[in-house]
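K.L.:
Structure file model.cif, mmCIF, C-alpha atoms and all ligand atoms, is pasted below:
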```cif
data_upload
#
loop_
_atom_site.label_atom_id
_atom_site.label_comp_id
_atom_site.auth_asym_id
_atom_site.auth_seq_id
_atom_site.Cartn_x
_atom_site.Cartn_y
_atom_site.Cartn_z
CA MET A 294 -15.94 38.43 107.98
CA SER A 295 -12.97 37.26 110.04
CA LYS A 296 -9.53 36.75 108.57
CA LYS A 297 -10.05 33.00 108.95
CA ASP A 298 -13.29 33.01 106.94
CA LEU A 299 -11.57 34.94 104.15
CA ALA A 300 -8.67 32.49 103.78
CA GLY A 301 -8.60 30.88 100.37
CA LEU A 302 -11.00 33.39 98.75
CA GLY A 303 -9.98 35.51 95.76
CA LEU A 304 -8.03 38.73 96.37
CA ASP A 305 -10.93 40.80 94.98
CA THR A 306 -13.36 39.17 97.44
CA GLN A 307 -10.91 39.54 100.33
CA LEU A 308 -10.32 43.22 99.63
CA ILE A 309 -14.05 43.95 99.66
CA HIS A 310 -14.83 42.02 102.85
CA ALA A 311 -11.71 42.37 105.05
CA GLY A 312 -12.19 44.90 107.83
CA HIS A 313 -15.81 45.49 106.77
CA HIS A 314 -18.50 45.19 109.44
CA PHE A 315 -21.85 46.94 109.40
CA ASP A 316 -22.46 49.27 112.30
CA PRO A 317 -24.23 47.22 115.02
CA ALA A 318 -26.02 50.28 116.47
CA THR A 319 -27.60 51.64 113.27
CA HIS A 320 -27.11 48.75 110.79
CA ALA A 321 -25.53 51.24 108.36
CA LEU A 322 -23.84 48.97 105.81
CA ALA A 323 -21.13 51.33 104.54
CA ALA A 324 -18.15 51.56 106.89
CA PRO A 325 -18.54 54.43 109.39
CA ILE A 326 -15.84 57.10 109.68
CA PHE A 327 -14.80 57.74 113.27
CA GLN A 328 -13.65 61.29 112.60
CA THR A 329 -12.62 62.12 116.13
CA ALA A 330 -9.42 63.25 117.82
CA THR A 331 -10.34 61.81 121.21
CA TYR A 332 -12.86 59.61 123.06
CA GLY A 333 -15.21 60.36 125.99
CA PHE A 334 -15.93 58.23 129.08
CA ASN A 335 -18.70 58.21 131.70
CA THR A 336 -16.33 57.50 134.56
CA VAL A 337 -12.65 57.73 135.37
CA GLU A 338 -12.69 53.96 135.91
CA GLU A 339 -13.85 53.43 132.30
CA MET A 340 -11.04 55.63 131.09
CA ASP A 341 -8.50 53.77 133.25
CA ALA A 342 -9.69 50.49 131.71
CA ALA A 343 -9.12 51.90 128.20
CA TRP A 344 -5.53 52.93 129.11
CA GLY A 345 -4.82 49.38 130.23
CA LYS A 346 -5.89 47.80 126.93
CA LEU A 347 -4.15 50.27 124.61
CA GLY A 348 -7.79 50.95 123.64
CA TYR A 349 -9.31 54.02 122.03
CA LEU A 350 -8.16 57.05 123.99
CA TYR A 351 -6.75 59.38 121.42
CA THR A 352 -6.67 58.95 117.62
CA ARG A 353 -2.88 59.25 117.27
CA GLU A 354 -2.74 56.06 119.37
CA GLY A 355 -5.67 54.20 117.81
CA ASN A 356 -8.86 54.71 115.82
CA PRO A 357 -11.47 52.17 114.66
CA THR A 358 -11.49 53.37 111.03
CA VAL A 359 -7.70 53.14 110.83
CA LEU A 360 -7.87 49.71 112.46
CA ALA A 361 -10.37 48.50 109.84
CA LEU A 362 -7.95 49.66 107.12
CA GLU A 363 -5.11 47.79 108.84
CA GLU A 364 -7.19 44.57 108.67
CA LYS A 365 -7.57 45.04 104.90
CA LEU A 366 -3.86 45.80 104.49
CA ALA A 367 -2.81 42.64 106.34
CA ILE A 368 -5.02 40.55 104.02
CA LEU A 369 -3.67 42.39 100.98
CA GLU A 370 -0.11 41.24 101.58
CA ALA A 371 -1.03 37.97 103.39
CA GLY A 372 0.72 39.34 106.47
CA GLU A 373 -0.08 38.70 110.11
CA ALA A 374 -0.58 42.40 110.91
CA ALA A 375 -0.35 45.89 109.42
CA LEU A 376 0.25 49.38 110.67
CA ALA A 377 -1.02 52.43 108.78
CA ALA A 378 0.80 55.75 108.60
CA GLY A 379 0.06 59.27 107.41
CA SER A 380 2.16 58.83 104.25
CA GLY A 381 4.58 56.39 102.62
CA MET A 382 7.48 58.40 104.05
CA GLY A 383 5.79 58.19 107.47
CA ALA A 384 5.93 54.39 107.15
CA VAL A 385 9.54 54.28 105.89
CA CYS A 386 10.89 56.67 108.54
CA SER A 387 8.94 55.30 111.50
CA THR A 388 9.86 51.69 110.67
CA LEU A 389 13.57 52.40 110.35
CA LEU A 390 13.72 54.75 113.34
CA THR A 391 12.13 52.05 115.48
CA LEU A 392 14.12 49.04 114.30
CA LEU A 393 17.60 50.59 113.98
CA SER A 394 19.89 51.61 116.83
CA HIS A 395 23.04 53.66 117.13
CA GLY A 396 25.94 51.73 115.53
CA ASP A 397 23.76 49.44 113.36
CA HIS A 398 24.38 49.16 109.63
CA LEU A 399 21.57 49.58 107.08
CA LEU A 400 22.26 48.14 103.62
CA CYS A 401 20.09 49.61 100.82
CA SER A 402 19.64 48.91 97.15
CA GLU A 403 20.89 51.67 94.86
CA GLY A 404 18.36 54.00 93.25
CA LEU A 405 15.80 54.37 96.03
CA PHE A 406 12.97 56.92 95.78
CA PHE A 407 14.85 60.18 96.37
CA HIS A 408 13.11 61.15 99.62
CA SER A 409 13.90 57.72 101.12
CA ASP A 410 17.46 58.19 99.87
CA ILE A 411 17.75 61.58 101.63
CA PHE A 412 16.31 60.10 104.84
CA MET A 413 18.88 57.28 104.78
CA ARG A 414 21.90 59.38 103.76
CA ASP A 415 21.29 62.56 105.74
CA LEU A 416 19.03 61.86 108.68
CA LEU A 417 19.91 58.29 109.70
CA GLN A 418 23.66 58.91 109.36
CA LYS A 419 23.27 61.90 111.72
CA LEU A 420 21.95 59.44 114.30
CA ASN A 421 25.09 57.32 113.90
CA VAL A 422 23.45 54.59 111.88
CA GLU A 423 25.89 53.34 109.22
CA VAL A 424 24.21 53.41 105.80
CA SER A 425 25.57 51.98 102.55
CA PHE A 426 24.17 51.33 99.10
CA ALA A 427 24.91 48.43 96.75
CA ASN A 428 23.96 47.20 93.32
CA PHE A 429 21.45 44.46 94.14
CA LYS A 430 21.33 42.98 90.64
CA ASP A 431 24.39 40.96 91.59
CA THR A 432 23.73 38.84 94.69
CA GLU A 433 27.46 38.22 95.22
CA ASN A 434 27.86 41.98 95.50
CA VAL A 435 25.11 42.02 98.16
CA ASN A 436 26.88 39.27 100.12
CA GLN A 437 30.10 41.26 100.04
CA SER A 438 28.34 44.41 101.24
CA ILE A 439 27.04 42.78 104.44
CA ARG A 440 28.93 43.92 107.54
CA GLN A 441 29.13 42.42 110.98
CA ASN A 442 26.69 45.05 112.28
CA THR A 443 24.22 44.88 109.34
CA ARG A 444 20.81 44.88 110.96
CA ILE A 445 18.47 45.66 108.05
CA ILE A 446 18.50 45.18 104.28
CA PHE A 447 16.13 47.64 102.58
CA ILE A 448 15.17 47.49 98.93
CA GLU A 449 12.65 48.99 96.55
CA THR A 450 11.42 46.82 93.68
CA PRO A 451 10.69 47.93 91.03
CA ALA A 452 12.72 51.02 91.87
CA ASN A 453 11.38 54.55 91.43
CA PRO A 454 11.99 55.74 88.70
CA THR A 455 14.62 53.50 87.09
CA LEU A 456 12.44 50.35 87.27
CA GLY A 457 15.30 48.03 88.27
CA VAL A 458 13.91 44.76 89.65
CA VAL A 459 15.53 43.01 92.63
CA ASP A 460 15.21 39.26 93.27
CA ILE A 461 13.30 39.25 96.57
CA GLU A 462 13.69 35.51 97.16
CA ALA A 463 17.48 35.61 96.68
CA ILE A 464 17.93 38.64 98.96
CA ALA A 465 15.65 37.09 101.60
CA ALA A 466 17.98 34.08 101.71
CA ILE A 467 21.02 36.36 102.17
CA ALA A 468 19.22 38.32 104.92
CA LYS A 469 18.25 35.13 106.71
CA SER A 470 21.72 33.62 106.62
CA ASN A 471 23.16 36.87 108.01
CA ASP A 472 20.48 37.32 110.67
CA CYS A 473 19.25 40.64 109.21
CA LEU A 474 15.73 41.95 108.81
CA PHE A 475 14.66 42.33 105.20
CA ILE A 476 12.29 45.17 104.22
CA VAL A 477 10.82 45.68 100.75
CA ASP A 478 9.22 48.92 99.58
CA SER A 479 6.73 47.45 97.10
CA THR A 480 4.88 50.68 96.25
CA PHE A 481 5.41 50.21 92.48
CA ALA A 482 4.00 46.67 92.45
CA PRO A 483 1.18 46.06 94.93
CA PRO A 484 -0.79 42.80 94.84
CA PRO A 485 -1.83 41.14 92.62
CA ILE A 486 1.56 41.92 91.00
CA GLN A 487 3.88 40.76 93.78
CA ARG A 488 3.77 39.77 97.45
CA PRO A 489 7.22 40.21 99.03
CA LEU A 490 6.30 38.44 102.29
CA GLN A 491 5.61 35.28 100.30
CA TRP A 492 9.11 35.48 98.79
CA GLY A 493 10.64 35.69 102.28
CA ALA A 494 10.71 39.41 103.21
CA ASP A 495 10.09 40.25 106.87
CA LEU A 496 8.22 43.50 106.22
CA VAL A 497 6.65 45.16 103.21
CA ILE A 498 6.13 48.91 102.95
CA HIS A 499 3.68 50.76 100.73
CA SER A 500 2.91 54.33 99.93
CA LEU A 501 -0.87 53.98 100.04
CA THR A 502 -1.01 57.34 98.26
CA LYS A 503 -0.38 55.48 94.99
CA TYR A 504 -2.14 52.39 93.59
CA ILE A 505 -3.64 51.15 96.86
CA ASN A 506 -5.81 54.21 97.35
CA GLY A 507 -5.80 54.69 93.60
CA HIS A 508 -7.70 57.97 93.34
CA GLY A 509 -4.99 60.57 93.96
CA ASP A 510 -6.97 62.19 96.76
CA THR A 511 -5.06 61.31 99.93
CA LEU A 512 -1.62 60.51 101.29
CA GLY A 513 -1.11 57.30 103.28
CA GLY A 514 1.47 54.65 104.08
CA ALA A 515 1.75 51.23 105.68
CA VAL A 516 4.08 48.57 106.93
CA ILE A 517 2.87 44.97 106.91
CA GLY A 518 4.39 41.71 108.19
CA LYS A 519 4.84 39.53 111.25
CA LYS A 520 2.77 40.63 114.24
CA GLU A 521 5.79 40.61 116.52
CA LEU A 522 7.57 43.16 114.31
CA ILE A 523 4.47 45.28 113.70
CA ASP A 524 3.80 45.44 117.46
CA LYS A 525 7.38 46.57 117.98
CA ILE A 526 6.94 49.36 115.42
CA ARG A 527 3.49 50.33 116.68
CA TYR A 528 4.79 50.98 120.15
CA PRO A 529 6.86 53.08 120.55
CA GLY A 530 7.51 53.77 116.87
CA MET A 531 4.40 54.96 115.17
CA PRO A 532 2.04 56.55 114.96
CA CYS A 533 2.11 57.35 118.64
CA PHE A 534 5.48 59.04 119.02
CA THR A 535 6.67 59.89 115.52
CA GLY A 536 3.33 61.57 114.87
CA ALA A 537 2.96 59.83 111.50
CA ALA A 538 -0.68 58.99 112.21
CA LEU A 539 -3.19 58.53 109.40
CA SER A 540 -6.41 60.53 109.62
CA PRO A 541 -9.63 58.47 109.88
CA PHE A 542 -11.11 60.12 106.80
CA ASN A 543 -8.02 59.27 104.75
CA ALA A 544 -8.14 55.68 106.06
CA TRP A 545 -11.75 55.48 104.89
CA LEU A 546 -10.89 56.80 101.41
CA ILE A 547 -8.08 54.25 101.11
CA MET A 548 -10.38 51.39 102.17
CA ARG A 549 -12.88 52.44 99.55
CA GLY A 550 -10.14 52.56 96.92
CA MET A 551 -8.86 49.12 97.88
CA MET A 552 -12.17 47.47 96.94
CA THR A 553 -11.28 47.95 93.25
CA LEU A 554 -7.51 47.47 93.52
CA GLU A 555 -7.26 44.18 91.65
CA MET A 556 -9.18 45.31 88.56
CA ARG A 557 -7.44 48.70 88.53
CA ILE A 558 -4.00 47.09 88.68
CA GLU A 559 -4.86 44.81 85.76
CA LYS A 560 -5.78 47.85 83.66
CA HIS A 561 -2.75 49.90 84.74
CA CYS A 562 -0.54 46.99 83.63
CA GLN A 563 -2.34 46.45 80.30
CA ASN A 564 -2.24 50.17 79.49
CA ALA A 565 1.41 50.52 80.50
CA LEU A 566 2.44 47.55 78.35
CA ALA A 567 0.59 49.00 75.34
CA ILE A 568 2.34 52.37 75.84
CA ALA A 569 5.75 50.75 76.39
CA GLU A 570 5.34 48.78 73.14
CA TYR A 571 4.28 51.90 71.27
CA LEU A 572 7.26 53.87 72.61
CA GLU A 573 9.65 51.07 71.60
CA SER A 574 8.40 51.43 68.03
CA CYS A 575 8.66 55.22 68.06
CA PRO A 576 11.58 56.64 65.97
CA TYR A 577 12.24 59.51 68.44
CA VAL A 578 12.75 57.22 71.41
CA ASP A 579 16.22 56.07 72.34
CA ARG A 580 15.38 53.55 75.09
CA VAL A 581 12.31 52.33 76.95
CA ILE A 582 12.35 50.69 80.38
CA TYR A 583 9.39 48.58 81.42
CA PRO A 584 9.81 45.32 83.36
CA ALA A 585 7.36 43.31 81.24
CA LEU A 586 9.15 44.14 77.96
CA ALA A 587 11.48 41.44 76.61
CA SER A 588 14.16 44.18 76.35
CA HIS A 589 14.17 44.82 80.14
CA PRO A 590 17.38 43.42 81.68
CA GLN A 591 15.41 41.59 84.39
CA HIS A 592 12.56 40.45 82.18
CA ASN A 593 12.85 36.83 83.41
CA LEU A 594 12.73 37.97 87.03
CA CYS A 595 9.61 40.01 86.22
CA GLN A 596 8.02 36.82 84.88
CA LYS A 597 8.87 34.92 88.05
CA GLN A 598 8.33 37.50 90.75
CA MET A 599 5.70 39.79 89.24
CA GLY A 600 3.73 37.20 87.25
CA GLY A 601 4.89 38.96 84.06
CA LYS A 602 2.96 42.15 85.01
CA GLY A 603 5.21 45.18 84.69
CA GLY A 604 3.19 47.65 86.80
CA GLY A 605 1.94 51.05 85.72
CA ILE A 606 5.15 53.03 85.19
CA VAL A 607 7.02 53.34 81.90
CA SER A 608 10.30 55.24 81.70
CA PHE A 609 12.08 56.29 78.50
CA TRP A 610 14.70 58.58 76.99
CA LEU A 611 14.34 60.59 73.81
CA LYS A 612 17.10 60.58 71.19
CA ASN A 613 19.58 63.42 71.12
CA ASN A 614 19.45 65.96 68.30
CA ILE A 615 15.84 65.48 67.22
CA ASN A 616 15.39 68.33 64.78
CA GLY A 617 18.47 70.12 66.27
CA MET A 618 17.20 69.94 69.87
CA THR A 619 19.04 68.72 72.95
CA VAL A 620 17.35 65.84 74.77
CA ARG A 621 16.19 68.23 77.48
CA GLU A 622 14.69 70.68 74.96
CA ALA A 623 12.88 67.82 73.23
CA ASP A 624 11.63 66.47 76.61
CA TYR A 625 10.08 69.81 77.50
CA LYS A 626 8.55 70.22 74.05
CA LEU A 627 7.03 66.74 74.14
CA LEU A 628 5.54 67.15 77.59
CA ASN A 629 4.19 70.61 76.86
CA ALA A 630 2.47 69.21 73.76
CA THR A 631 0.54 66.46 75.56
CA LYS A 632 -3.16 67.12 76.15
CA LEU A 633 -4.59 64.03 77.84
CA LEU A 634 -1.45 63.26 79.85
CA THR A 635 -1.04 65.62 82.79
CA ILE A 636 2.34 67.06 83.79
CA ALA A 637 2.50 66.06 87.44
CA THR A 638 4.48 63.95 89.88
CA SER A 639 2.95 60.87 91.60
CA LEU A 640 1.48 57.67 90.25
CA GLY A 641 -1.20 55.06 90.69
CA GLU A 642 -4.32 57.07 90.00
CA GLY A 643 -6.91 57.25 87.22
CA LEU A 644 -5.23 60.16 85.42
CA THR A 645 -2.06 59.46 83.44
CA LEU A 646 0.80 61.62 84.71
CA ILE A 647 4.04 62.51 82.94
CA GLN A 648 7.22 64.12 84.23
CA VAL A 649 10.89 64.66 83.33
CA GLU A 650 13.53 63.45 85.76
CA ASN A 651 16.87 65.23 86.32
CA SER A 652 18.53 62.55 84.20
CA SER A 653 16.31 63.65 81.25
CA MET A 654 14.44 60.39 81.60
CA ILE A 655 10.71 60.77 81.06
CA ARG A 656 8.43 58.86 83.42
CA ILE A 657 4.84 58.08 82.54
CA ALA A 658 2.61 56.95 85.41
CA VAL A 659 0.02 55.29 83.25
CA GLY A 660 -3.56 55.75 84.41
CA LEU A 661 -6.87 54.12 83.64
CA GLU A 662 -7.96 55.93 80.49
CA ARG A 663 -8.29 53.93 77.25
CA ALA A 664 -4.80 52.95 76.02
CA GLU A 665 -5.55 53.96 72.39
CA ASP A 666 -6.53 57.47 73.54
CA LEU A 667 -3.28 57.86 75.46
CA ILE A 668 -1.25 56.62 72.49
CA THR A 669 -3.10 58.99 70.15
CA ASP A 670 -2.20 61.87 72.48
CA LEU A 671 1.44 60.80 72.60
CA LYS A 672 1.52 60.51 68.79
CA GLN A 673 0.26 64.07 68.32
CA ALA A 674 2.83 65.28 70.90
CA PHE A 675 5.65 63.47 69.06
CA ASP A 676 4.43 65.11 65.82
CA GLN A 677 5.14 68.50 67.45
CA LEU A 678 8.85 67.56 67.66
CA GLN A 679 8.98 67.72 63.86
CA ILE A 680 8.04 71.39 63.82
CA THR A 681 11.25 73.37 63.35
CA LYS A 682 12.71 74.99 66.46
CA GLU A 683 11.69 78.67 66.53
C1 LIG B 701 8.78 53.84 96.16
C2 LIG B 701 8.21 54.92 97.03
N1 LIG B 701 8.27 54.78 98.38
C3 LIG B 701 7.79 55.73 99.19
C4 LIG B 701 7.21 56.88 98.70
C5 LIG B 701 6.69 57.92 99.64
O1 LIG B 701 5.30 57.91 99.66
P1 LIG B 701 4.41 59.19 100.13
O2 LIG B 701 4.49 60.19 99.04
O3 LIG B 701 3.07 58.60 100.34
O4 LIG B 701 5.04 59.68 101.39
C6 LIG B 701 7.11 57.05 97.31
C7 LIG B 701 6.52 58.27 96.74
O5 LIG B 701 6.53 58.49 95.56
C8 LIG B 701 7.63 56.04 96.46
O6 LIG B 701 7.58 56.16 95.13
#
```
Please, can you express the file's structure as structure tokens?
Ligand SMILES: Cc1ncc(COP(=O)(O)O)c(C=O)c1O
P.N.:
Amino acid sequence: MSKKDLAGLGLDTQLIHAGHHFDPATHALAAPIFQTATYGFNTVEEMDAAWGKLGYLYTREGNPTVLALEEKLAILEAGEAALAAGSGMGAVCSTLLTLLSHGDHLLCSEGLFFHSDIFMRDLLQKLNVEVSFANFKDTENVNQSIRQNTRIIFIETPANPTLGVVDIEAIAAIAKSNDCLFIVDSTFAPPPIQRPLQWGADLVIHSLTKYINGHGDTLGGAVIGKKELIDKIRYPGMPCFTGAALSPFNAWLIMRGMMTLEMRIEKHCQNALAIAEYLESCPYVDRVIYPALASHPQHNLCQKQMGGKGGGIVSFWLKNNINGMTVREADYKLLNATKLLTIATSLGEGLTLIQVENSSMIRIAVGLERAEDLITDLKQAFDQLQITKE
């Protein structure tokens, strides 16, 4: 179905039908995978014609399976166009490398995902892009951080892993009045939780590796927004010259995952809220951060911008001196005692993952198991903290 026919339908319907066409040659209903590096032609003239149209010549430049995914991604965020990348970092780096020039200033929210942070601080600064970070909870502070050469404002909301929430609508207004592009990394809150373009962002970035694929079996990334900007990034930015191309098989896996995105997100959010509430009641826990909890400092903003859905990540700190242990010792003991929760980094898949950050904060990427089973596992792991330190 065309984008026009899908307008006004539910997100679940759109995500099943967008980009889906049965194969006209064989009538195979499931989407084909064009697992090819290059394309063959009968004549040189045919090949010349393909060059002219930016058609299918070589998969780093274009591939029908990747294109079908891009159609689904544009619908997902209600954007005009989308561009897929080999990973979330592929999308972040290629977008910024294309849109920034020597001498421009990039203003970022504090507490970005640490690989994005390293890219901004180390690599972009080497290319003589000015980069600064500000606390985006205070919009006056953002206004004051704008410079004459500020070209892009880049935020992550909710932030990984501190779960700070930034007011997209307010920052979009600041970006507009200062003639800057505004980019939101929305990996932690894909639709139906929030749609940054509808709050005024110019571009939204996702690591497709996480909720959008949802099965923990491929990397992927995307940037979505106005066609004019996406075209600018597509050529010469990516995937052609940065090499951040997505493989056709991975594009196919992500499309398959997207068909169930809406119902998966609902369950991630329900499970995460149940775990956050349990942790808040737990005597060993010092502090819990989850945007949908009344105790979260931006709870009202979560209601407005995220429809009250907090996403699938819950972060918390244990109390110091539990049974004579330091926080770090207790963190390790708790994690090592979990059975159903898996010690691993990443998020947005069926399995619930748990990890300790350098700050001794514990992050749970809540999966799709039954919430009571996860809480029972956490309870038995907390019980282990009572056993005297050997
Ligand atoms: C907010 C955010 N942006 C970008 C990325 C990078 O995504 P990928 O691992 O797909 O490169 C991550 C990865 O965890 C992330 O959490």
K.L.:
Check every protein, DNA and RNA residue against ligand LIG 701 (chain B), keep those with an atom at most 9 Å away (counting only C-alpha atoms and all ligand atoms), and present them as a PyMOL selection string.
P.N.:
chain A and resi 379-385+405-409+449-454+478-481+498-503+511-514+638-640
K.L.:
Could you tell me which of A:Ala367, A:Ile526, A:Ile439, A:Ala465 comes closest to Leu393 of chain A if we count only C-alpha atoms?
P.N.:
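So, comparing all the options, the nearest one is A:Ile526.
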K.L.:
Could you give me, as a ChimeraX atom specification, the residues within 10 Å of segment 661-674 of chain A, counting only C-alpha atoms and dropping anything in the same chain fewer than 6 positions from it?
P.N.:
/A:557-569,571-572,575,605,626-634,641-645
K.L.:
Could the residues in this selection be saved with C-alpha atoms as an mmCIF file, in the frame of the given file?
P.N.:
```cif
data_model
loop_
_atom_site.group_PDB
_atom_site.id
_atom_site.type_symbol
_atom_site.label_atom_id
_atom_site.label_comp_id
_atom_site.auth_asym_id
_atom_site.auth_seq_id
_atom_site.Cartn_x
_atom_site.Cartn_y
_atom_site.Cartn_z
ATOM 1 C CA ARG A 557 -7.440 48.700 88.530
ATOM 2 C CA ILE A 558 -4.000 47.090 88.680
ATOM 3 C CA GLU A 559 -4.860 44.810 85.760
ATOM 4 C CA LYS A 560 -5.780 47.850 83.660
ATOM 5 C CA HIS A 561 -2.750 49.900 84.740
ATOM 6 C CA CYS A 562 -0.540 46.990 83.630
ATOM 7 C CA GLN A 563 -2.340 46.450 80.300
ATOM 8 C CA ASN A 564 -2.240 50.170 79.490
ATOM 9 C CA ALA A 565 1.410 50.520 80.500
ATOM 10 C CA LEU A 566 2.440 47.550 78.350
ATOM 11 C CA ALA A 567 0.590 49.000 75.340
ATOM 12 C CA ILE A 568 2.340 52.370 75.840
ATOM 13 C CA ALA A 569 5.750 50.750 76.390
ATOM 14 C CA TYR A 571 4.280 51.900 71.270
ATOM 15 C CA LEU A 572 7.260 53.870 72.610
ATOM 16 C CA CYS A 575 8.660 55.220 68.060
ATOM 17 C CA GLY A 605 1.940 51.050 85.720
ATOM 18 C CA LYS A 626 8.550 70.220 74.050
ATOM 19 C CA LEU A 627 7.030 66.740 74.140
ATOM 20 C CA LEU A 628 5.540 67.150 77.590
ATOM 21 C CA ASN A 629 4.190 70.610 76.860
ATOM 22 C CA ALA A 630 2.470 69.210 73.760
ATOM 23 C CA THR A 631 0.540 66.460 75.560
ATOM 24 C CA LYS A 632 -3.160 67.120 76.150
ATOM 25 C CA LEU A 633 -4.590 64.030 77.840
ATOM 26 C CA LEU A 634 -1.450 63.260 79.850
ATOM 27 C CA GLY A 641 -1.200 55.060 90.690
ATOM 28 C CA GLU A 642 -4.320 57.070 90.000
ATOM 29 C CA GLY A 643 -6.910 57.250 87.220
ATOM 30 C CA LEU A 644 -5.230 60.160 85.420
ATOM 31 C CA THR A 645 -2.060 59.460 83.440
#
```
K.L.:
Nearest to Ala482 of chain A among A:Ala377, A:Ile467, A:Val516, A:Cys595, with distances taken over only C-alpha atoms: which residue is it?
P.N.:
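Among the listed residues, A:Cys595 lies closest to Ala482 of chain A.
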K.L.:
Measuring atom to atom with only C-alpha atoms, identify which of A:Ile615, A:Ala623, A:Leu304, A:Ala343 is nearest to Pro484 of chain A.
P.N.:
A:Leu304
K.L.:
Need the shell around Thr443 of chain A: protein/DNA/RNA residues with any atom at most 7 Å away, counting only C-alpha atoms. Skip same-chain ones fewer than 3 positions apart. Format as a list in words?
P.N.:
Asp397, His398, Leu399, Leu400, Ile439, Arg440 and Cys473 of chain A
K.L.:
Please return the centre and edge lengths, in Å to one decimal, of a box with edges along x, y and z that contains all listed atoms of segment 496-502 of chain A, widened by 5 Å on every side, as AutoDock Vina command-line options.
P.N.:
```
--center_x 3.6 --center_y 50.4 --center_z 102.2 --size_x 19.2 --size_y 23.8 --size_z 18.0
```
K.L.:
Set the distance at 12 Å and use all atoms listed in the file: which residues neighbour Glu363 of chain A once local chain neighbours fewer than 4 positions away are removed? I'd like the list as a compact mmCIF listing (two decimals) with C-alpha atoms, in the coordinates of the input.
P.N.:
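See selection-v7.txt below for the written result:
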```txt
# COMPACT_ATOMS: atom_id res chain seq x y z
CA LYS A 296 -9.53 36.75 108.57
CA LEU A 308 -10.32 43.22 99.63
CA ALA A 311 -11.71 42.37 105.05
CA GLY A 312 -12.19 44.90 107.83
CA HIS A 313 -15.81 45.49 106.77
CA GLY A 355 -5.67 54.20 117.81
CA ASN A 356 -8.86 54.71 115.82
CA PRO A 357 -11.47 52.17 114.66
CA THR A 358 -11.49 53.37 111.03
CA VAL A 359 -7.70 53.14 110.83
CA ALA A 367 -2.81 42.64 106.34
CA ILE A 368 -5.02 40.55 104.02
CA LEU A 369 -3.67 42.39 100.98
CA GLU A 370 -0.11 41.24 101.58
CA ALA A 371 -1.03 37.97 103.39
CA GLY A 372 0.72 39.34 106.47
CA GLU A 373 -0.08 38.70 110.11
CA ALA A 374 -0.58 42.40 110.91
CA ALA A 375 -0.35 45.89 109.42
CA LEU A 376 0.25 49.38 110.67
CA ALA A 377 -1.02 52.43 108.78
CA ALA A 378 0.80 55.75 108.60
CA LEU A 501 -0.87 53.98 100.04
CA GLY A 513 -1.11 57.30 103.28
CA GLY A 514 1.47 54.65 104.08
CA ALA A 515 1.75 51.23 105.68
CA VAL A 516 4.08 48.57 106.93
CA ILE A 517 2.87 44.97 106.91
CA GLY A 518 4.39 41.71 108.19
CA LYS A 520 2.77 40.63 114.24
CA ILE A 523 4.47 45.28 113.70
CA ARG A 527 3.49 50.33 116.68
CA LEU A 539 -3.19 58.53 109.40
CA PRO A 541 -9.63 58.47 109.88
CA ALA A 544 -8.14 55.68 106.06
CA TRP A 545 -11.75 55.48 104.89
CA ILE A 547 -8.08 54.25 101.11
CA MET A 548 -10.38 51.39 102.17
CA MET A 551 -8.86 49.12 97.88
```
K.L.:
Here is a test: counting all atoms listed in the file, which residue of A:Pro532, A:Gly550, A:Gly457, A:Gly404 is nearest to Lys365 of chain A?
P.N.:
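Of the candidates, the smallest distance to Lys365 of chain A is held by A:Gly550.
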K.L.:
Sorted by chain and rising residue number, which residues of segment 511-611 of chain A lie within 12 Å of segment 422-436 of chain A, and what are their closest atom pairs and distances in Å to one decimal, counting all atoms listed in the file, as CSV?
P.N.:
```
residue,atom,partner,partner_atom,distance
A:Pro590,CA,A:Lys430,CA,9.8
A:Gln591,CA,A:Lys430,CA,8.7
A:Leu594,CA,A:Lys430,CA,10.6
```
K.L.:
Deliver the residues from the most recent selection as a file, using C-alpha atoms, as a PDB file, in the coordinates of the input.
P.N.:
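In the end it all went to part12.pdb:
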```
ATOM      1  CA  PRO A 590      17.380  43.420  81.680  1.00  0.00           C
ATOM      2  CA  GLN A 591      15.410  41.590  84.390  1.00  0.00           C
ATOM      3  CA  LEU A 594      12.730  37.970  87.030  1.00  0.00           C
TER       4      LEU A 594
END
```
K.L.:
One number please: atom CA of Tyr332 of chain A to atom CA of Thr352 of chain A, in Å, one decimal.
P.N.:
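So the two atoms, atom CA of Tyr332 of chain A and atom CA of Thr352 of chain A, lie 8.3 Å apart.
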K.L.:
Nearest residue to Asp305 of chain A out of A:Val659, A:Ile606, A:Ile680, A:Leu554, using all atoms listed in the file?
P.N.:
A:Leu554
K.L.:
Counting all atoms listed in the file, which residue out of A:Pro584, A:Thr329, A:Gln307, A:Asp298 sits closest to Phe542 of chain A?
P.N.:
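Between A:Pro584, A:Thr329, A:Gln307, A:Asp298, the residue approaching Phe542 of chain A most closely is A:Thr329.
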K.L.:
Between atom CA of Ala321 of chain A and atom CA of Asn335 of chain A, what is the distance, to one decimal in Å?
P.N.:
25.3 Å
K.L.:
Distance atom CA of Glu570 of chain A-atom CA of Ile582 of chain A, one decimal place?
P.N.:
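For atom CA of Glu570 of chain A relative to atom CA of Ile582 of chain A, the distance reads 10.3 Å.
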K.L.:
Can you pull out every residue within 7 Å of Tyr583 of chain A, counting only C-alpha atoms, but drop anything in the same chain fewer than 6 positions away, and send it as a list in words?
P.N.:
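My reading of the contact set: Leu456, Ala569, His589, Gly603, Val607 and Ser608 of chain A.
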K.L.:
At a cut-off of 7 Å, using only C-alpha atoms, what residues contact Gln487 of chain A? Leave out same-chain residues fewer than 4 positions from it and give the result as an mmCIF file with C-alpha atoms, in the coordinates of the input.
P.N.:
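Result written to part06.cif:
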```cif
data_model
loop_
_atom_site.group_PDB
_atom_site.id
_atom_site.type_symbol
_atom_site.label_atom_id
_atom_site.label_comp_id
_atom_site.auth_asym_id
_atom_site.auth_seq_id
_atom_site.Cartn_x
_atom_site.Cartn_y
_atom_site.Cartn_z
ATOM 1 C CA ALA A 482 4.000 46.670 92.450
ATOM 2 C CA PRO A 483 1.180 46.060 94.930
ATOM 3 C CA GLN A 598 8.330 37.500 90.750
ATOM 4 C CA MET A 599 5.700 39.790 89.240
#
```
